[in-house]
>>> print(open('work_24.txt').read())   # compact mmCIF, C-alpha atoms and all ligand atoms
# COMPACT_ATOMS: atom_id res chain seq x y z
CA MET A 1 -73.71 -80.80 -75.78
CA THR A 2 -74.38 -77.08 -75.89
CA LYS A 3 -76.79 -75.40 -78.22
CA ASN A 4 -73.98 -73.95 -80.33
CA ASN A 5 -72.51 -77.38 -80.95
CA ASP A 6 -75.89 -78.60 -82.14
CA LYS A 7 -76.05 -75.77 -84.61
CA THR A 8 -72.60 -76.48 -85.94
CA SER A 9 -73.27 -80.15 -86.50
CA GLU A 10 -76.54 -79.34 -88.25
CA LYS A 11 -74.76 -76.96 -90.57
CA GLU A 12 -72.11 -79.55 -91.34
CA LEU A 13 -74.75 -82.12 -92.09
CA ILE A 14 -76.39 -79.80 -94.58
CA VAL A 15 -73.32 -78.52 -96.33
CA LYS A 16 -70.51 -81.04 -96.10
CA ALA A 17 -71.39 -83.62 -98.67
CA ILE A 18 -71.44 -81.49 -101.79
CA LYS A 19 -69.22 -78.83 -103.25
CA ASP A 20 -71.81 -77.30 -105.54
CA GLY A 21 -75.47 -78.08 -105.82
CA THR A 22 -78.72 -77.91 -103.93
CA VAL A 23 -79.75 -79.14 -100.51
CA ILE A 24 -83.43 -79.55 -99.78
CA ASP A 25 -84.02 -79.77 -96.07
CA ARG A 26 -87.08 -80.03 -93.81
CA ILE A 27 -88.92 -82.53 -95.93
CA PRO A 28 -91.34 -84.69 -93.90
CA SER A 29 -89.87 -88.21 -94.01
CA SER A 30 -93.14 -89.60 -95.31
CA ALA A 31 -92.95 -87.24 -98.30
CA LEU A 32 -89.36 -87.97 -99.35
CA PHE A 33 -90.09 -90.35 -102.20
CA LYS A 34 -92.86 -88.14 -103.53
CA VAL A 35 -90.46 -85.21 -103.52
CA ILE A 36 -87.98 -87.31 -105.48
CA ALA A 37 -90.71 -88.18 -107.97
CA ILE A 38 -92.00 -84.61 -108.36
CA LEU A 39 -88.49 -83.28 -109.00
CA ASP A 40 -87.93 -86.20 -111.39
CA LEU A 41 -84.72 -87.13 -109.60
CA GLU A 42 -85.14 -90.75 -110.62
CA ASN A 43 -84.01 -89.68 -114.08
CA CYS A 44 -81.32 -87.31 -112.88
CA GLU A 45 -77.76 -88.46 -113.44
CA ASN A 46 -76.17 -86.15 -110.90
CA GLN A 47 -74.90 -87.48 -107.61
CA ILE A 48 -77.79 -87.53 -105.16
CA THR A 49 -77.63 -88.31 -101.48
CA PHE A 50 -80.54 -88.37 -99.13
CA GLY A 51 -81.28 -89.15 -95.54
CA MET A 52 -84.58 -89.84 -93.93
CA ASN A 53 -85.96 -90.25 -90.42
CA LEU A 54 -83.50 -87.65 -89.21
CA GLU A 55 -84.56 -86.00 -86.00
CA SER A 56 -86.15 -82.60 -86.32
CA LYS A 57 -87.56 -80.46 -83.54
CA LYS A 58 -90.09 -78.98 -85.89
CA LEU A 59 -91.19 -81.96 -87.96
CA GLY A 60 -90.45 -84.90 -85.66
CA ARG A 61 -88.81 -86.88 -88.41
CA LYS A 62 -87.45 -85.19 -91.45
CA ALA A 63 -85.67 -86.04 -94.65
CA ILE A 64 -83.00 -84.20 -96.57
CA VAL A 65 -81.91 -84.44 -100.21
CA LYS A 66 -78.64 -83.21 -101.67
CA VAL A 67 -78.18 -82.99 -105.41
CA ALA A 68 -74.69 -82.23 -106.66
CA ASP A 69 -74.20 -79.75 -109.50
CA ARG A 70 -77.87 -79.15 -109.95
CA PHE A 71 -79.68 -75.86 -109.43
CA PHE A 72 -83.44 -75.82 -109.56
CA THR A 73 -85.66 -73.04 -110.77
CA ILE A 74 -88.10 -71.61 -108.26
CA ASP A 75 -91.00 -73.05 -110.29
CA GLU A 76 -89.49 -76.51 -110.06
CA VAL A 77 -89.03 -76.42 -106.31
CA ASN A 78 -92.35 -74.77 -105.55
CA ARG A 79 -94.03 -77.89 -106.89
CA ILE A 80 -92.88 -79.78 -103.80
CA ALA A 81 -94.55 -77.27 -101.45
CA LEU A 82 -97.79 -79.22 -101.74
CA ILE A 83 -96.28 -82.10 -99.78
CA ALA A 84 -93.32 -80.45 -98.08
CA PRO A 85 -94.62 -76.99 -97.12
CA ASP A 86 -91.73 -76.30 -94.72
CA ALA A 87 -89.00 -77.34 -97.13
CA LYS A 88 -85.96 -75.12 -97.19
CA LEU A 89 -83.53 -74.93 -100.07
CA SER A 90 -79.89 -74.09 -99.80
CA VAL A 91 -77.83 -73.43 -102.89
CA ILE A 92 -74.28 -74.59 -102.26
CA ARG A 93 -71.35 -73.09 -104.08
CA ASN A 94 -67.83 -74.10 -103.18
CA TYR A 95 -69.01 -75.74 -99.92
CA ASN A 96 -70.77 -72.59 -98.77
CA VAL A 97 -74.43 -71.72 -98.62
CA ALA A 98 -74.73 -69.12 -101.37
CA ASP A 99 -78.48 -68.72 -101.24
CA LYS A 100 -81.45 -69.95 -99.26
CA CYS A 101 -85.12 -70.00 -99.96
CA THR A 102 -88.31 -71.53 -98.72
CA VAL A 103 -90.93 -73.07 -100.96
CA ARG A 104 -94.35 -71.65 -101.68
CA VAL A 105 -97.30 -73.42 -103.25
CA PRO A 106 -97.82 -72.00 -106.76
CA ASP A 107 -101.16 -70.42 -107.68
CA THR A 108 -101.78 -73.23 -110.15
CA VAL A 109 -100.41 -76.75 -110.30
CA GLU A 110 -100.68 -79.20 -113.14
CA ASN A 111 -100.13 -82.92 -113.16
CA ILE A 112 -99.22 -83.34 -109.49
CA LEU A 113 -102.39 -83.68 -107.46
CA ARG A 114 -105.06 -86.23 -108.09
CA CYS A 115 -108.67 -85.13 -107.79
CA ILE A 116 -110.42 -86.95 -104.96
CA ASN A 117 -113.84 -86.60 -106.56
CA PRO A 118 -114.55 -90.04 -108.06
CA ARG A 119 -116.86 -88.48 -110.64
CA CYS A 120 -114.27 -85.97 -111.83
CA VAL A 121 -113.43 -86.23 -115.53
CA THR A 122 -109.70 -86.43 -114.65
CA ASN A 123 -110.36 -89.79 -113.02
CA HIS A 124 -112.01 -91.16 -116.15
CA GLU A 125 -110.10 -89.71 -119.03
CA HIS A 126 -106.42 -89.44 -119.66
CA ILE A 127 -106.04 -85.71 -119.06
CA ALA A 128 -103.68 -83.69 -116.92
CA THR A 129 -105.13 -82.52 -113.63
CA LYS A 130 -105.19 -78.79 -112.97
CA PHE A 131 -105.64 -77.17 -109.60
CA LYS A 132 -105.96 -73.58 -108.50
CA LYS A 133 -104.91 -72.38 -105.07
CA VAL A 134 -107.89 -71.11 -103.05
CA THR A 135 -106.16 -70.22 -99.78
CA ASP A 136 -102.64 -70.54 -98.44
CA SER A 137 -103.35 -71.11 -94.79
CA PRO A 138 -104.98 -73.52 -94.44
CA LEU A 139 -103.85 -74.72 -97.82
CA VAL A 140 -106.82 -75.49 -100.05
CA MET A 141 -106.66 -76.32 -103.75
CA GLN A 142 -109.56 -76.42 -106.18
CA CYS A 143 -109.92 -78.73 -109.17
CA ARG A 144 -110.30 -76.73 -112.39
CA TYR A 145 -112.53 -79.39 -113.89
CA CYS A 146 -115.07 -80.33 -111.20
CA GLU A 147 -114.37 -77.41 -108.80
CA LYS A 148 -113.90 -79.76 -105.87
CA HIS A 149 -112.00 -78.17 -102.98
CA ILE A 150 -109.26 -80.32 -101.44
CA ASP A 151 -107.48 -79.49 -98.23
CA GLN A 152 -103.93 -80.51 -97.43
CA GLU A 153 -104.92 -83.54 -95.39
CA HIS A 154 -106.57 -85.06 -98.44
CA PHE A 155 -103.92 -84.39 -101.03
CA GLU A 156 -103.16 -87.40 -103.18
CA ILE A 157 -100.11 -87.17 -105.36
CA GLN A 158 -100.38 -88.73 -108.81
ZN ZN B 201 -111.87 -82.79 -110.09
>>> encode(input="work_24.txt", output="structure tokens", more="lines below")
Ligand SMILES: [Zn+2]
Amino acid sequence: MTKNNDKTSEKELIVKAIKDGTVIDRIPSSALFKVIAILDLENCENQITFGMNLESKKLGRKAIVKVADRFFTIDEVNRIALIAPDAKLSVIRNYNVADKCTVRVPDTVENILRCINPRCVTNHEHIATKFKKVTDSPLVMQCRYCEKHIDQEHFEIQ
């Protein structure tokens, strides 16, 4: 198979299944179910298709999610950047890619990460966790309550 054919089949894979909606590609396979949880797709009634353990040159194994007739706000999708930093979004309208964007970790995130400091108040009381971004690369987040710094390798999703 030539390189061009590969590109065509990849494009078909991304676009074909839905007429209008959103495709989220380049999700690490291990993060797929967390992405579904963060975007609250379990409670979404739209048609959702996903694939995981698809081959990816960049990620090794990747997952892809397609949600029909649903368009996310940038704030909604940026929440998944914590666990899927390479994720790419394609907005599909009438079977065509109308818009594309990549995700970016927001400056503050609430209610997604768990603080890894066992003494942190968020691990003892029922309060929402809050983290502030310290640096983008490497990605480091800081707990607003105990000031603990957490790097990407140690992220635990609530
Ligand atoms: Zn903390």
>>> residues_around(input="work_24.txt", residues="Thr135 of chain A", least_positions_apart="6", cutoff="12 Å", atoms="all atoms listed in the file", output="count of residues only")
10
>>> residues_near_ligand(input="work_24.txt", ligand="ligand ZN 201 (chain B)", cutoff="9 Å", atoms="all atoms listed in the file", output="PyMOL selection string")
chain A and resi 114-123+129-131+142-149
>>> atom_distance(input="work_24.txt", atom1="atom CA of Ile112 of chain A", atom2="atom CA of Leu41 of chain A")
15.0 Å
>>> atom_distance(input="work_24.txt", atom1="atom CA of Arg104 of chain A", atom2="atom CA of Lys88 of chain A")
10.1 Å
>>> closest_residue(input="work_24.txt", among="A:Glu55, A:Tyr95, A:Thr22, A:Ile38", to="Arg70 of chain A", atoms="only C-alpha atoms")
A:Thr22
